[in-house]
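Okay, upload22.txt is below, compact mmCIF, C-alpha atoms:
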```
# COMPACT_ATOMS: atom_id res chain seq x y z
CA MET A 191 69.85 124.21 108.95
CA ARG A 192 72.96 124.92 110.99
CA ALA A 193 73.55 123.00 114.19
CA SER A 194 76.38 122.70 116.70
CA VAL A 195 77.73 120.24 119.22
CA CYS A 196 80.26 121.53 121.70
CA GLY A 197 82.66 119.80 124.05
CA LEU A 198 86.16 118.36 124.08
CA LEU A 199 87.01 117.65 120.43
CA ALA A 200 89.07 114.47 120.05
CA SER A 201 90.37 114.10 116.51
CA PRO A 202 93.64 112.33 115.72
CA PRO A 203 96.30 114.74 114.45
CA PRO A 204 96.07 116.93 112.43
CA GLY A 205 92.36 117.30 113.22
CA PRO A 206 90.89 119.71 115.77
CA ARG A 207 91.51 119.04 119.44
CA GLY A 208 90.66 120.86 122.63
CA ARG A 209 87.42 122.51 123.61
CA GLY A 210 85.28 123.87 120.82
CA CYS A 211 82.16 123.43 118.70
CA VAL A 212 81.60 121.46 115.51
CA VAL A 213 79.17 123.40 113.31
CA TYR A 214 77.42 121.39 110.62
CA ASP A 215 74.68 121.66 108.01
CA THR A 216 71.96 119.13 108.85
CA ALA A 217 70.51 119.23 105.31
CA ARG A 218 73.75 118.77 103.39
CA GLY A 219 75.27 116.54 106.07
CA VAL A 220 78.68 118.22 106.13
CA VAL A 221 80.82 119.98 108.71
CA GLU A 222 81.00 123.71 108.01
CA GLU A 223 83.47 124.95 110.59
CA VAL A 224 85.02 124.42 114.00
CA THR A 225 84.48 127.38 116.30
CA GLU A 226 84.87 128.46 119.89
CA GLU A 227 81.17 129.29 120.20
CA PRO A 228 78.12 127.47 118.78
CA ARG A 229 76.37 128.54 115.59
CA GLY A 230 72.75 127.78 114.78
CA GLU A 231 70.84 125.24 116.90
CA LEU A 232 72.80 124.04 119.90
CA VAL A 233 72.18 120.29 119.92
CA ALA A 234 74.52 119.29 122.74
CA ALA A 235 77.10 121.09 124.84
CA GLY A 236 78.89 120.57 128.12
CA GLU A 237 82.22 120.47 129.86
CA ASP A 238 81.75 116.72 130.25
CA LEU A 239 81.03 115.98 126.57
CA LEU A 240 83.56 114.25 124.32
CA VAL A 241 83.12 114.70 120.55
CA LEU A 242 84.82 112.15 118.27
CA PRO A 243 84.66 111.44 114.55
CA GLY A 244 81.93 108.82 114.07
CA LEU A 245 83.06 105.46 115.39
CA VAL A 246 83.40 102.46 113.07
CA ASP A 247 83.30 98.71 113.67
CA MET A 248 84.69 96.92 110.62
CA HIS A 249 83.94 93.37 111.86
CA VAL A 250 80.44 92.53 113.10
CA HIS A 251 77.98 89.68 112.69
CA LEU A 252 74.46 91.09 112.45
CA ARG A 253 73.14 87.59 111.59
CA GLY A 254 69.62 88.01 110.14
CA LEU A 255 68.06 85.67 107.55
CA GLN A 256 67.64 82.23 109.13
CA LEU A 257 69.75 83.29 112.14
CA SER A 258 67.50 86.17 113.15
CA TYR A 259 66.75 84.47 116.44
CA LYS A 260 70.37 85.26 117.43
CA GLU A 261 70.37 88.83 116.09
CA ASP A 262 68.89 90.69 113.16
CA GLU A 263 69.91 93.80 111.31
CA ARG A 264 67.61 96.11 113.28
CA SER A 265 68.50 94.84 116.75
CA GLY A 266 72.18 94.97 115.82
CA CYS A 267 71.74 98.53 114.53
CA ARG A 268 70.12 99.64 117.79
CA ALA A 269 72.93 98.00 119.77
CA ALA A 270 75.54 99.74 117.61
CA LEU A 271 73.92 103.14 118.14
CA ARG A 272 73.79 102.62 121.90
CA GLY A 273 77.51 101.90 121.78
CA GLY A 274 78.15 105.08 119.79
CA LEU A 275 78.89 103.50 116.40
CA THR A 276 78.07 105.17 113.08
CA LEU A 277 79.24 102.48 110.63
CA VAL A 278 79.38 98.69 110.81
CA ALA A 279 80.64 96.14 108.29
CA ASP A 280 78.71 92.87 108.40
CA MET A 281 80.20 89.41 107.91
CA PRO A 282 78.86 86.82 105.45
CA ASN A 283 78.71 83.62 107.55
CA THR A 284 74.94 83.86 107.61
CA SER A 285 72.42 81.12 106.90
CA PRO A 286 72.30 80.83 103.95
CA PRO A 287 75.81 82.24 103.45
CA ALA A 288 76.12 85.64 101.76
CA SER A 289 78.31 84.21 99.02
CA THR A 290 75.94 84.23 96.04
CA PRO A 291 74.51 87.29 94.25
CA GLU A 292 71.00 86.44 95.44
CA VAL A 293 71.81 86.22 99.15
CA VAL A 294 74.18 89.20 98.97
CA ALA A 295 71.41 91.27 97.35
CA GLU A 296 68.95 90.32 100.09
CA LYS A 297 71.44 91.16 102.84
CA LEU A 298 72.21 94.51 101.21
CA ARG A 299 68.50 95.30 100.97
CA ARG A 300 68.14 94.73 104.70
CA LEU A 301 71.25 96.73 105.55
CA ARG A 302 70.07 99.70 103.49
CA SER A 303 67.00 99.97 105.73
CA LEU A 304 69.12 100.71 108.80
CA ARG A 305 69.54 104.16 110.27
CA LEU A 306 73.31 103.97 110.52
CA GLU A 307 75.66 103.13 107.65
CA ALA A 308 76.17 99.39 107.11
CA LEU A 309 78.37 97.61 104.58
CA LEU A 310 78.69 93.91 103.80
CA TYR A 311 81.61 91.61 103.15
CA ALA A 312 80.72 88.87 100.71
CA GLY A 313 81.74 85.30 101.33
CA VAL A 314 83.91 83.39 98.88
CA PRO A 315 81.46 82.40 96.12
CA PRO A 316 81.19 78.87 94.70
CA SER A 317 82.69 79.82 91.31
CA GLU A 318 85.29 82.24 90.00
CA GLY A 319 82.83 83.77 87.57
CA LEU A 320 80.77 85.27 90.40
CA VAL A 321 83.64 87.27 91.93
CA ASP A 322 83.36 90.31 89.67
CA ASP A 323 79.56 90.37 89.80
CA ILE A 324 79.49 90.38 93.60
CA ALA A 325 82.40 92.80 94.01
CA SER A 326 80.60 95.39 91.85
CA MET A 327 77.41 95.41 93.95
CA PRO A 328 77.00 98.74 95.80
CA GLY A 329 77.41 98.23 99.52
CA VAL A 330 79.86 95.32 99.23
CA ALA A 331 82.99 96.36 101.10
CA GLY A 332 85.06 93.38 99.95
CA PHE A 333 85.35 89.65 100.59
CA LYS A 334 85.92 87.61 103.75
CA ILE A 335 88.12 84.51 103.63
CA TYR A 336 87.54 81.86 106.31
CA PRO A 337 89.98 79.00 107.02
CA ARG A 338 87.85 76.39 105.23
CA ASP A 339 87.85 78.53 102.07
CA LEU A 340 91.58 77.94 101.70
CA VAL A 341 90.82 74.28 100.98
CA GLU A 342 87.24 74.12 99.71
CA ARG A 343 87.40 77.12 97.34
CA HIS A 344 91.09 77.57 96.76
CA ARG A 345 90.84 78.69 93.12
CA VAL A 346 88.18 81.27 93.90
CA VAL A 347 90.34 82.59 96.75
CA GLU A 348 93.21 83.01 94.32
CA ARG A 349 90.93 84.91 91.95
CA ILE A 350 89.77 87.23 94.73
CA LEU A 351 93.34 87.92 95.85
CA SER A 352 94.33 88.75 92.28
CA LYS A 353 91.98 91.76 92.15
CA PRO A 354 94.03 94.95 92.59
CA GLY A 355 92.73 97.20 95.33
CA LEU A 356 89.93 94.89 96.48
CA LEU A 357 89.61 94.72 100.26
CA VAL A 358 89.98 91.12 101.43
CA VAL A 359 89.52 90.34 105.13
CA VAL A 360 91.23 87.16 106.31
CA HIS A 361 90.47 85.05 109.39
CA PRO A 362 94.08 84.09 110.20
CA GLU A 363 93.95 80.40 110.96
CA LEU A 364 94.47 77.31 108.83
CA PRO A 365 91.60 74.79 108.59
CA GLU A 366 93.52 72.32 110.73
CA ALA A 367 93.07 74.62 113.73
CA GLU A 368 89.33 73.94 113.65
CA LYS A 369 89.61 70.15 113.75
CA SER A 370 90.04 69.87 117.52
CA GLU A 371 87.95 71.44 120.24
CA TYR A 372 88.83 71.76 123.89
CA GLU A 373 86.52 72.32 126.84
CA ASP A 374 88.93 74.34 128.97
CA PRO A 375 89.80 77.85 127.67
CA SER A 376 93.49 77.39 128.44
CA SER A 377 93.53 74.13 126.47
CA ARG A 378 91.84 75.87 123.54
CA ALA A 379 94.58 78.50 123.58
CA ALA A 380 97.20 75.76 123.30
CA GLY A 381 95.34 73.66 120.73
CA ARG A 382 94.60 76.63 118.50
CA GLY A 383 98.00 78.17 119.03
CA CYS A 384 99.63 81.24 117.53
CA HIS A 385 101.41 79.07 114.97
CA TRP A 386 98.12 78.53 113.12
CA GLU A 387 97.68 82.27 112.72
CA ALA A 388 101.25 82.73 111.48
CA ALA A 389 100.85 79.86 109.02
CA ALA A 390 97.69 81.41 107.58
CA VAL A 391 99.36 84.79 107.10
CA GLU A 392 102.36 83.11 105.44
CA TYR A 393 100.06 81.14 103.16
CA ILE A 394 98.10 84.20 102.05
CA ALA A 395 101.36 86.04 101.40
CA SER A 396 102.64 83.10 99.30
CA LEU A 397 99.76 83.65 96.87
CA SER A 398 101.26 87.06 95.97
CA PRO A 399 98.04 88.98 96.51
CA GLU A 400 97.32 92.14 94.57
CA ALA A 401 94.25 92.77 96.71
CA ARG A 402 94.36 94.83 99.92
CA VAL A 403 94.71 92.10 102.52
CA HIS A 404 93.44 92.84 106.01
CA ILE A 405 94.11 90.39 108.85
CA THR A 406 91.26 90.51 111.34
CA HIS A 407 91.08 89.70 115.09
CA ALA A 408 94.79 88.91 115.41
CA SER A 409 95.13 87.32 118.83
CA CYS A 410 98.93 87.00 118.90
CA SER A 411 101.61 89.66 118.74
CA SER A 412 103.55 87.50 116.26
CA THR A 413 100.56 87.65 113.90
CA VAL A 414 100.62 91.45 113.94
CA THR A 415 104.37 91.52 113.32
CA LEU A 416 104.10 89.09 110.42
CA ALA A 417 101.13 90.87 108.87
CA LYS A 418 102.96 94.20 108.88
CA ARG A 419 106.05 92.56 107.40
CA TYR A 420 104.01 91.60 104.35
CA GLY A 421 102.34 94.99 104.08
CA PHE A 422 98.94 93.80 105.30
CA THR A 423 96.72 95.84 107.59
CA VAL A 424 95.52 94.27 110.81
CA ASP A 425 92.94 94.74 113.55
CA VAL A 426 92.64 93.47 117.10
CA ALA A 427 89.41 92.55 118.93
CA PRO A 428 88.64 93.97 122.37
CA HIS A 429 88.44 90.55 124.01
CA HIS A 430 92.02 89.75 122.99
CA LEU A 431 93.13 92.97 124.70
CA LEU A 432 91.00 92.74 127.82
CA TYR A 433 90.71 89.04 128.71
CA THR A 434 92.82 85.98 129.32
CA PRO A 435 91.40 82.44 129.57
CA PRO A 436 89.54 82.32 132.89
CA ARG A 437 89.49 79.27 135.07
CA GLY A 438 86.14 77.61 134.41
CA GLY A 439 85.13 80.40 132.01
CA GLY A 440 83.04 78.12 129.87
CA CYS A 441 80.94 79.38 126.99
CA LEU A 442 80.95 83.09 127.81
CA TYR A 443 84.66 83.39 127.01
CA LYS A 444 84.75 81.02 124.06
CA VAL A 445 85.92 82.87 120.92
CA ASN A 446 87.81 82.05 117.74
CA PRO A 447 90.73 82.60 117.71
CA PRO A 448 90.80 81.76 121.43
CA LEU A 449 91.80 84.03 124.28
CA ARG A 450 95.53 83.97 124.92
CA LEU A 451 97.51 83.53 128.10
CA PRO A 452 99.80 86.33 129.33
CA PRO A 453 101.81 88.07 128.09
CA GLU A 454 99.95 88.10 124.73
CA PRO A 455 97.28 90.69 125.69
CA GLN A 456 99.97 93.00 127.04
CA LEU A 457 102.09 92.55 123.91
CA LEU A 458 99.11 93.31 121.68
CA LEU A 459 98.40 96.45 123.66
CA LYS A 460 102.01 97.57 123.28
CA GLN A 461 101.82 97.04 119.51
CA LEU A 462 98.60 99.02 119.45
CA LEU A 463 100.25 101.91 121.31
CA ASP A 464 103.30 101.69 119.01
CA GLY A 465 101.10 102.17 115.92
CA GLN A 466 101.44 98.66 114.51
CA VAL A 467 97.70 97.93 114.77
CA ASP A 468 95.45 99.61 112.20
CA ALA A 469 92.08 99.23 113.90
CA ILE A 470 90.09 97.84 116.78
CA ALA A 471 87.15 95.73 115.57
CA SER A 472 84.76 93.89 117.83
CA ASP A 473 83.93 90.62 116.06
CA HIS A 474 80.44 91.13 117.58
CA ALA A 475 79.16 87.55 117.48
CA PRO A 476 75.69 87.27 119.04
CA HIS A 477 74.03 84.01 120.03
CA ALA A 478 70.76 83.19 121.72
CA PRO A 479 71.15 83.23 125.55
CA GLY A 480 70.60 79.48 125.88
CA GLU A 481 73.35 78.77 123.37
CA LYS A 482 75.92 80.47 125.61
CA GLU A 483 74.93 78.40 128.63
CA GLY A 484 75.57 74.95 127.18
CA ASP A 485 78.46 72.52 127.02
CA PRO A 486 81.73 74.45 126.51
CA LEU A 487 82.82 71.73 124.10
CA THR A 488 79.94 72.32 121.70
CA CYS A 489 78.60 75.82 122.39
CA PRO A 490 79.19 78.40 119.65
CA PRO A 491 82.07 80.88 119.91
CA GLY A 492 81.56 84.60 120.14
CA ILE A 493 80.92 87.63 122.35
CA ALA A 494 78.21 90.22 121.66
CA TRP A 495 80.06 93.53 121.91
CA LEU A 496 78.27 96.39 120.14
CA GLU A 497 76.72 98.15 123.14
CA ALA A 498 79.85 98.11 125.26
CA TRP A 499 83.22 97.81 123.53
CA PRO A 500 83.81 101.43 122.41
CA ARG A 501 83.20 102.72 125.94
CA LEU A 502 85.26 99.97 127.57
CA LEU A 503 88.18 100.72 125.24
CA LEU A 504 87.76 104.46 125.78
CA CYS A 505 88.36 103.91 129.51
CA LEU A 506 91.54 101.96 128.75
CA LEU A 507 92.99 104.08 125.95
CA ASP A 508 92.11 107.37 127.59
CA ARG A 509 94.65 106.61 130.31
CA LEU A 510 97.33 105.55 127.84
CA GLY A 511 97.12 108.09 125.03
CA GLY A 512 93.99 110.18 125.36
CA PRO A 513 90.66 109.88 123.51
CA GLN A 514 92.42 110.68 120.22
CA LEU A 515 93.80 107.14 120.32
CA LEU A 516 90.28 105.67 120.27
CA ALA A 517 89.34 108.14 117.52
CA SER A 518 92.22 106.87 115.41
CA LEU A 519 91.77 103.13 115.97
CA ALA A 520 87.96 103.06 115.99
CA SER A 521 87.13 105.84 113.55
CA THR A 522 89.51 107.46 111.11
CA ARG A 523 91.73 104.47 110.31
CA PRO A 524 89.07 101.74 109.93
CA ALA A 525 86.91 104.20 107.96
CA ALA A 526 89.78 104.72 105.52
CA LEU A 527 90.18 100.95 105.13
CA LEU A 528 86.50 100.85 104.13
CA SER A 529 86.98 103.79 101.73
CA ARG A 530 84.96 106.07 103.99
CA ARG A 531 85.85 109.35 105.67
CA ARG A 532 85.62 110.19 109.35
CA CYS A 533 86.90 113.56 110.66
CA LEU A 534 85.77 116.77 112.35
CA ASP A 535 87.31 119.23 109.87
CA PRO A 536 85.31 121.53 107.58
CA GLY A 537 84.10 119.60 104.54
CA CYS A 538 83.98 116.28 106.39
CA PRO A 539 80.75 114.30 106.61
CA ALA A 540 78.73 115.46 109.62
CA THR A 541 79.13 112.04 111.22
CA PHE A 542 80.32 111.88 114.79
CA THR A 543 79.91 110.32 118.20
CA VAL A 544 79.31 112.30 121.38
CA TYR A 545 79.96 110.70 124.77
CA GLN A 546 79.15 112.15 128.16
CA ARG A 547 81.82 111.53 130.76
CA ALA A 548 80.27 109.62 133.64
CA TRP A 549 81.34 106.64 135.71
CA THR A 550 78.76 103.88 135.59
CA ARG A 551 78.53 100.13 135.27
CA PHE A 552 77.31 98.02 132.40
CA ASP A 553 74.26 96.54 134.07
CA ALA A 554 72.38 94.95 131.15
CA VAL A 555 72.33 94.40 127.40
CA ARG A 556 69.40 96.52 126.23
CA GLU A 557 69.22 96.33 122.44
CA SER A 558 71.01 93.23 121.18
CA LYS A 559 69.20 89.91 121.33
CA ALA A 560 72.35 88.36 122.81
CA ARG A 561 72.01 88.94 126.54
CA ARG A 562 74.69 86.59 127.90
CA VAL A 563 77.98 88.51 127.96
CA PRO A 564 81.08 88.32 130.15
CA TYR A 565 81.35 92.04 130.92
CA LEU A 566 78.17 92.54 132.98
CA GLY A 567 79.14 94.79 135.87
CA ALA A 568 82.17 96.22 134.05
CA ARG A 569 82.97 99.82 134.93
CA LEU A 570 82.42 102.36 132.14
CA CYS A 571 83.66 105.95 132.01
CA ALA A 572 81.17 107.35 129.48
CA GLU A 573 77.59 107.16 128.28
CA THR A 574 76.50 107.62 124.66
CA ARG A 575 74.85 111.04 124.41
CA LEU A 576 74.48 111.61 120.67
CA VAL A 577 75.15 109.83 117.37
CA VAL A 578 75.06 111.87 114.17
CA VAL A 579 75.29 110.33 110.69
CA ASP A 580 75.36 112.67 107.69
CA GLY A 581 73.76 115.41 109.76
CA LYS A 582 70.93 113.24 111.06
CA HIS A 583 70.54 112.86 114.83
CA LEU A 584 70.11 109.14 115.40
CA MET A 585 70.45 108.95 119.16
CA LEU A 586 69.96 111.73 121.65
CA GLY A 587 70.17 110.74 125.29
```
Can I see the file as structure tokens?
Amino acid sequence: MRASVCGLLASPPPGPRGRGCVVYDTARGVVEEVTEEPRGELVAAGEDLLVLPGLVDMHVHLRGLQLSYKEDERSGCRAALRGGLTLVADMPNTSPPASTPEVVAEKLRRLRSLRLEALLYAGVPPSEGLVDDIASMPGVAGFKIYPRDLVERHRVVERILSKPGLLVVVHPELPEAEKSEYEDPSSRAAGRGCHWEAAAVEYIASLSPEARVHITHASCSSTVTLAKRYGFTVDVAPHHLLYTPPRGGGCLYKVNPPLRLPPEPQLLLKQLLDGQVDAIASDHAPHAPGEKEGDPLTCPPGIAWLEAWPRLLLCLLDRLGGPQLLASLASTRPAALLSRRRCLDPGCPATFTVYQRAWTRFDAVRESKARRVPYLGARLCAETRLVVVDGKHLMLG
């Protein structure tokens, strides 16, 4: 069946822009044409609608397994849809860790039951012989390397990095950065300084990787510069663009790597606008509400982002480069890194996000289990109206 959504089309060049209609086949799940007038069933239309290629978050923690009290795959999926996301890539620091074929298989089984598309990064396995087995499992996007892996599983890390074309996502800090904790956010920024990120990037580069190395949640402009020098791709998290360490911020603002003092957020934003950043990725890290109210010295790091970050960043980037900038950094470019396709052109998957322009405030977390977030009351410039994945209407508001 033919269907259409009409509004302001916001593809990065050379995709379609300006007012029009995306016409798609709901059965085959592909875009048929871009027209001035709708064809078939009119699903959504309006002067205030913004149509983007389906948004992607390539760094999320959906938890599940023994951490389901923090978040599970279904609650995370609902949160992602409310935020306007069509694809998420889940991290392996679960309990038990998704670093053996058995746990990876169970996580993939759960992810396949979701309504949106979900991929999984595998953790560094305990032996080199498991690398090929895990990498070949359908739904595994690549591997994630954490700082402790550089010491505890060094040989396996080398084996992973030797695989041509394999996507390897790196948390850019050395293990030494995790040895000290600081209660005050400003002290954390100094104790886990930018030099630890640079050292980790240098170390990965020294291993002469043949894999596709991606540096995630770079919090320092020097990290982005160094990553690009070595030919790595890199993403930035919304909290490192939007926040600096608040006085008395406590647990709500505790993240790893930590928030940085000015001018780092401004420098990161400039690099993003200059095209040096390949993607925005949330590092959605949900915790039970009580866990984010405890002692700042011992409470877990992380911000639950899925319901809010695309719309918060839309408000920011819209003023700086138009909605096409969000479409590039949160859709087409991260999708390509995950070997997926996001676009509005004929022949593309019928996968897109439709926002309705409206000023509102983020008054409550509605889908995620993580209800304690620092952006309650933040002003938003859009509401999620429709999410389409492969021609299927997953959210219609």
Determine, for each residue of range 319-386 of chain A having at least one atom at most 10 Å from an atom of range 523-540 of chain A, the closest pair of atoms and their separation in Å to one decimal, counting all atoms listed in the file; order by chain and ascending number, as JSON lines.
```
{"residue": "A:Val330", "atom": "CA", "partner": "A:Leu528", "partner_atom": "CA", "distance": 9.9}
{"residue": "A:Ala331", "atom": "CA", "partner": "A:Leu528", "partner_atom": "CA", "distance": 6.5}
{"residue": "A:Gly332", "atom": "CA", "partner": "A:Leu528", "partner_atom": "CA", "distance": 8.7}
{"residue": "A:Leu357", "atom": "CA", "partner": "A:Leu528", "partner_atom": "CA", "distance": 7.9}
```
Checklist entry - Which of these, A:Pro500, A:Pro286, A:Gly319, A:Gly266, has the shortest distance to Arg305 in chain A once you count all atoms listed in the file? => result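 Among the listed residues, the smallest separation from Arg305 in chain A belongs to A:Gly266.
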Pick out the residues sitting within 10 Å of Leu416 in chain A, and hand them over as a PDB file with C-alpha atoms, in the frame of the given file; count all atoms listed in the file, and ignore anything fewer than 4 positions along from it in its own chain.
```
ATOM      1  CA  GLU A 387      97.680  82.270 112.720  1.00  0.00           C
ATOM      2  CA  ALA A 388     101.250  82.730 111.480  1.00  0.00           C
ATOM      3  CA  ALA A 389     100.850  79.860 109.020  1.00  0.00           C
ATOM      4  CA  VAL A 391      99.360  84.790 107.100  1.00  0.00           C
ATOM      5  CA  GLU A 392     102.360  83.110 105.440  1.00  0.00           C
ATOM      6  CA  ALA A 395     101.360  86.040 101.400  1.00  0.00           C
ATOM      7  CA  SER A 411     101.610  89.660 118.740  1.00  0.00           C
ATOM      8  CA  SER A 412     103.550  87.500 116.260  1.00  0.00           C
ATOM      9  CA  TYR A 420     104.010  91.600 104.350  1.00  0.00           C
ATOM     10  CA  GLY A 421     102.340  94.990 104.080  1.00  0.00           C
ATOM     11  CA  PHE A 422      98.940  93.800 105.300  1.00  0.00           C
TER      12      PHE A 422
END
```
Next on the checklist: Taking 6 positions as the minimum chain separation for residues in the same chain, which residues sit within 8 Å of Asn283 in chain A when counting all atoms listed in the file? Answer as a ChimeraX atom specification.
Outcome noted: /A:251,253,313
Checklist entry - Which protein, DNA or RNA residues are at most 12 Å from (94.1, 95.0, 97.1) in the file's coordinates when you count all atoms listed in the file, listed as a PyMOL selection string? => result chain A and resi 331-333+349-359+398-404+421-423+527-528
Checklist entry - So what do you get for CA of Val212 in chain A versus CA of Val224 in chain A, distance-wise? => result 4.8 Å
Checklist entry - Which polymer residues have any atom within 10 Å of an atom of Gly208 in chain A, counting all atoms listed in the file, with same-chain residues fewer than 2 positions away left out, as a VMD selection string? => result chain A and resid 197 to 201 206 210 to 211 226 240 to 241
Next on the checklist: Can you tell me which residues surround Pro328 in chain A at a distance of at most 12 Å, considering all atoms listed in the file, apart from same-chain residues fewer than 3 positions away, and format the answer as a PyMOL selection string?
Outcome noted: chain A and resi 291+294-295+297-299+301-302+308-312+323-325+331-332
